[in-house]
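Enquirer: Below: one structure in structure tokens.
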Amino acid sequence: MSPVFLILALVTLLSAVAAISFRNLVHCSLSLVVTFAGLAGLYLQLHAQFVGFAQVLVYIGAVAILIVFAILLTRSADTPNHAVLAPGWLVGIAVAVVVFGALGLAILKSEAISKKVPAAPEATVKQIGDALMNQYVLPLEVIGLLLTAAMIGAVIIAMRDDKEAK
Amino acid sequence: MVESLDQLFVNLKHWALGFLPEALQPLVSAVLSIVPLVAVFGGLFAIVTIFERKGLGRIQNRYGPNRVGIPFTDIRLAGFGQFIPDGIKALIKEDVVPRAADKVVHFLAPVVLLIPVLLTYAVLPIGRNMTVVDFDAGVLFFFSVGAAVEISVFMAGWSSRNKYSLLGAMRGIAQMISYEIPLILSAVTVIMLVGSLKTSDIVAAQAGFTAGLPNWFVLTPWGFAGFVMFLIAALAESNRAPFDLPEAESELIAGYFTEYSGFKFALFFLGEYLGMFAIIGLGITLFLGGWHAPFPFLTWVPSYVWFMTKLLAIVFFFIWVRGTLPRLRMDQLMSFAWKFMIPMALINLVVAAVWHFMAGTGAARWVVCALLIAGPYVLLGRGLMENKHLGKRTYRFAD
């Protein structure tokens with residue numbers, strides 16, 4: 001474990017905790033931005049440049065802005081008065097620990113972990129592009145079509161209905 | 001001689017590194033790459049503010065700053081010392097933070113603005129062998145880091161607890177998101193044809209000359225259209241007139257940084273200008289041949305001089321535009337981005353592909369590609385103007 005990984009992990013975890021424990025929703029979303037940035041740093045540390053930069057571009061540049069816009073447009077920025085922790089938080093922690101334990105056990109006992117880790121290939125952007133455009137071109141197109149349909153749907157919902165207004 | 005002048009700064013750095021122990025070299029090498037960059041572009045910021053004020057003054061038939069020279073002497077330098085008192089003023093001014101403001105976020109906003117803006121300079125090839133880090137995904141790095149600027153705009157606008165600030169931030173973010181799409185789409189054409197996201201590869205692809213003209217992408221039909229769209233989107237991304245709605249003085253005081261004073265205000269100002277230089281630098285790298293000379297007989301001029309010359313030329317163009325064009329309305333801004341820029345950028349992508357597959361057909365691909373751009377341009381422009389009923393403007397009292 002290198003010091004860089006330790007710092008990144010700490011930043012990511014602390015900001016993630018902050019994101020669920022702040023009272024003010026805008027503060028929560030800003031801490032979430034730090035979490036996204038920390039994750040991008042972790043990807044970069046694994047020499048996954050493309051994934052790291054795409055993480056920043058998509059999550060910080062688009063998703064975080066979307067969250068912030070949604071908060072500002074749907075409710076007032078006043079901080080809520082009720083407690084941050086839900087009443088059954090002890091039970092929640094217990095459930096979380098059980099789930100984590102089960103998952104961890106399953107992973108540790110599986111055969112995948114005993115296999116030797118192959119040497120990490122140097123994944124360049126060119127290889128990712130080739131894979132997307134040759135081997136995985138159908139899933140890519142399907143996702144593109146789905147997103148376009150979603151966008152057209154959103155536009156239709158948002159469009160003012162002139163006939164009814166008259 | 002020419003070679004050594006071109007590589008002067010690179011060799012100087014290697015020479016300085018030679019005196020250091022092996023262990024220190026990577027760290028010092030990074031510092032030696034970063035510090036001159038920050039110093040040069042910081043100095044450029046200072047000079048350009050004066051040029052901008054003087055240029056705008058010239059356009060508006062007034063003098064602009066012409067008094068301050070070197071402090072404590074009688075040398076006046078035609079007003080070019082103005083940035084020194086401006087900087088001192090910003091430094092010693094009281095830092096006023098509104099009582100209702102969110103103190104931490106308010107403090108962090110200018111920092112969050114400046115860090116990504118400075119990071120974008122890392123991938124710009126300022127000259128031959130003069131890129132700080134030549135990432136494999138350099139152009140993607142530029143855009144992804146640039147996207148973080150929007151968060152800073154939001155932080156500044158929201159934390160001030162001021163209606164003008166919040167309105168300015170909302171306008172700013174909406175504008176940046178809208179114009180980011182044509183900006184990236186117009187850059188994608190170059191990436192498609194070069195086949196690399198590496199900035200040094202993109203510059204290398206534009207080396208050499210054909211019939212006395214450089215092989216710059218701006219001199220191809222798709223490159224020209226892409227460059228024009230890139231410049232328009234860059235104007236909007238850097239919040240400059242005619243896209244300065246987020247900080248429209250006459251409507252919103254100063255937009256999202258209304259509640260900032262003293263040095264924090266100066267930081268916003270600095271961040272905005274550095275962001276503009278960076279995005280122009282990327283435009284030069286993508287379309288204007290990077291640090292390559294425009295004519296074969298001028299190749300002896302050092303590469304960094306060419307980069308800076310092109311940068312200053314476009315900065316002057318931006319100042320000219322600011323002094324000449326009126327501000328757009330919000331709906332005009334949005335419809336221009338979504339109904340004109342994005343369709344044209346998508347068409348330009350297709351044209352770039354056609355250009356690629358018609359390689360070797362000589363003049364035919366020039367004609368086909370030029371028509372493929374000019375046709376949609378005219379049709380789209382006509383179509384959007386159809387219902388506007390814009391005729392010849394008539395004046396009631398003039399004439």
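In the structure tokens, chains take letters A, B, ... by order of appearance, with residues numbered from 1 within each chain and ligands from 1 in the order shown.
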Select, as a PyMOL selection string, those residues of chain B with any atom no more than 8 Å from chain A (distances computed using only C-alpha atoms).

Expert: chain B and resi 136-137+140-141+143-145+147-148+150-151+195-197

Enquirer: For those residues, write N, CA and C atoms to a file as a compact mmCIF listing (two decimals), in the first residue's frame.

Expert:
```txt
# COMPACT_ATOMS: atom_id res chain seq x y z
N ASP B 136 -1.46 10.08 -22.37
CA ASP B 136 -1.99 9.32 -23.50
C ASP B 136 -3.38 9.84 -23.86
N ALA B 137 -4.11 10.33 -22.88
CA ALA B 137 -5.45 10.86 -23.11
C ALA B 137 -5.47 12.37 -22.81
N LEU B 140 -8.65 14.54 -23.47
CA LEU B 140 -9.70 14.16 -22.52
C LEU B 140 -9.41 14.74 -21.15
N PHE B 141 -8.12 14.73 -20.76
CA PHE B 141 -7.73 15.33 -19.48
C PHE B 141 -8.11 16.79 -19.45
N PHE B 143 -10.46 18.41 -21.07
CA PHE B 143 -11.90 18.65 -20.94
C PHE B 143 -12.42 18.20 -19.59
N SER B 144 -11.89 17.08 -19.07
CA SER B 144 -12.43 16.58 -17.81
C SER B 144 -12.07 17.53 -16.67
N VAL B 145 -10.84 18.02 -16.67
CA VAL B 145 -10.46 18.96 -15.62
C VAL B 145 -11.23 20.27 -15.78
N ALA B 147 -14.14 20.63 -16.71
CA ALA B 147 -15.51 20.48 -16.26
C ALA B 147 -15.65 20.83 -14.78
N ALA B 148 -14.55 20.73 -14.03
CA ALA B 148 -14.62 21.03 -12.60
C ALA B 148 -14.86 22.51 -12.33
N GLU B 150 -17.21 24.30 -13.38
CA GLU B 150 -18.64 24.53 -13.14
C GLU B 150 -18.99 24.41 -11.67
N ILE B 151 -18.34 23.44 -10.99
CA ILE B 151 -18.59 23.27 -9.56
C ILE B 151 -18.20 24.54 -8.81
N GLY B 195 -6.33 10.15 -34.78
CA GLY B 195 -6.34 8.82 -34.20
C GLY B 195 -5.61 8.77 -32.88
N SER B 196 -5.55 9.91 -32.19
CA SER B 196 -4.87 9.92 -30.89
C SER B 196 -5.41 11.06 -30.05
N LEU B 197 -5.42 10.84 -28.73
CA LEU B 197 -5.84 11.91 -27.81
C LEU B 197 -4.63 12.64 -27.25
```

Enquirer: Which residues, written as a tab-separated table (two decimals) with C-alpha atoms, in the first residue's frame, have at least one atom at most 10 Å from region 84-90 of chain B, with only C-alpha atoms counted and residues fewer than 4 positions away on the same chain left out?

Expert:
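File out-v9.tsv, as written:
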```
chain	number	residue	atom	x	y	z
B	46	ALA	CA	-1.28	41.10	-16.24
B	68	VAL	CA	0.78	54.51	-14.48
B	69	GLY	CA	4.30	53.48	-15.39
B	70	ILE	CA	7.05	52.12	-13.17
B	71	PRO	CA	6.29	53.05	-9.54
B	80	PHE	CA	1.42	49.56	-19.07
B	94	GLU	CA	-10.46	44.39	2.93
B	95	ASP	CA	-11.85	40.92	2.36
B	261	SER	CA	-13.84	41.40	-2.74
B	262	GLY	CA	-10.15	41.98	-2.46
B	263	PHE	CA	-7.85	39.18	-3.47
B	264	LYS	CA	-10.58	36.57	-3.89
B	265	PHE	CA	-12.09	38.76	-6.59
B	266	ALA	CA	-8.66	39.00	-8.20
B	267	LEU	CA	-8.42	35.20	-8.10
```

Enquirer: Would you mind listing what lies within 8 Å of region 203-208 of chain B as a PyMOL selection string, with only C-alpha atoms counted and same-chain residues fewer than 4 positions away left out?

Expert: chain B and resi 194+199+214-217+285-286+289-292

Enquirer: Could you pull out the helix (DSSP H, G or I) residues of chain A from DSSP and send them as a PyMOL selection string?

Expert: chain A and resi 3-21+25-45+49-74+89-109+125-133+137-158+162-165

Enquirer: Give me, as a tab-separated table, the closest atom pair and its distance (Å, one decimal) for every residue of region 212-304 of chain B within a cut-off of 6 Å of region 107-127 of chain B, counting only C-alpha atoms, rows sorted by chain and rising number.

Expert:
```
residue	atom	partner	partner_atom	distance
B:Phe268	CA	B:Pro110	CA	5.9
B:Gly271	CA	B:Leu114	CA	5.2
B:Gly275	CA	B:Val117	CA	5.5
B:Trp291	CA	B:Gly127	CA	5.4
B:Ser303	CA	B:Gly127	CA	4.9
B:Tyr304	CA	B:Gly127	CA	4.3
```

Enquirer: Restricting the output to C-alpha atoms, write the selected residues as a JSON list (two decimals), in the first residue's frame.

Expert:
```
[["chain", "number", "residue", "atom", "x", "y", "z"],
["B", 268, "PHE", "CA", -11.71, 34.89, -9.98],
["B", 271, "GLY", "CA", -8.94, 32.15, -13.14],
["B", 275, "GLY", "CA", -9.04, 29.58, -18.45],
["B", 291, "TRP", "CA", 3.87, 25.48, -32.28],
["B", 303, "SER", "CA", 8.56, 27.09, -31.56],
["B", 304, "TYR", "CA", 7.39, 28.71, -28.31]]
```

Enquirer: Please, which residues of region 101-319 of chain B, numbered as in this document, come out strand (DSSP E) from DSSP, as a ChimeraX atom specification?

Expert: /B:209-210,213-214

Enquirer: Would you kindly return, as a list in words, each protein, DNA or RNA residue with an atom no farther than 12 Å from any atom of Arg53 (chain B), considering only C-alpha atoms and excluding same-chain residues fewer than 5 positions away?

Expert: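 Result of the neighbour search: Ala46, Ile47, Val48, Arg58, Ile59, Gln60, Asn61, Arg62, Tyr63, Gly64, Pro65, Asn66, Gly79, Phe80, Gln82, Phe83, Phe316, Ile319, Trp320, Arg322 and Gly323 of chain B.
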
Enquirer: Compare A:Val34, A:Val142, A:Ala70, A:Leu132 by their minimum atom-to-atom distance to Ala19 (chain A), counting only C-alpha atoms, and give me the closest one.

Expert: A:Val34

Enquirer: Restricting the calculation to only C-alpha atoms, which member of B:Ile92, B:Ala174, B:Ile232, B:Ile34 is positioned closest to Ala345 (chain B)?

Expert: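 Between B:Ile92, B:Ala174, B:Ile232, B:Ile34, the residue approaching Ala345 (chain B) most closely is B:Ile232.
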
Enquirer: For Ala101 (chain B), find every residue with an atom within 12 Å (counting only C-alpha atoms), except residues of its own chain fewer than 2 positions away, and show them as JSON, numbers by chain.

Expert: {"B": [96, 97, 98, 99, 103, 104, 105, 106, 107, 155, 156, 157, 158, 159, 160, 161, 162, 165, 259, 260]}

Enquirer: Find the residues around Pro246 (chain B) up to 8 Å (only C-alpha atoms counted), leave out those fewer than 6 positions away in its own chain, and share them as a list of chain:residue names.

Expert: B:Leu167, B:Gly168, B:Ala169, B:Met170, B:Arg171, B:Gly172, B:Asn239, B:Leu252, B:Ala254, B:Gly255, B:Tyr256

Enquirer: Give the answer as one residue: which of A:Leu140, A:Ile157, A:Ile71, A:Ile128 has the shortest atom-to-atom distance to Ala48 (chain A), using only C-alpha atoms?

Expert: A:Ile128

Enquirer: Using only C-alpha atoms, find the one residue out of B:Val133, B:Leu37, B:Leu349, B:Leu219 that sits nearest to Ile191 (chain B).

Expert: B:Leu349

Enquirer: Please list as a ChimeraX atom specification every residue within 7 Å of region 334-337 of chain B, counting only C-alpha atoms and excluding residues in the same chain fewer than 5 positions away.

Expert: /B:178-179,342
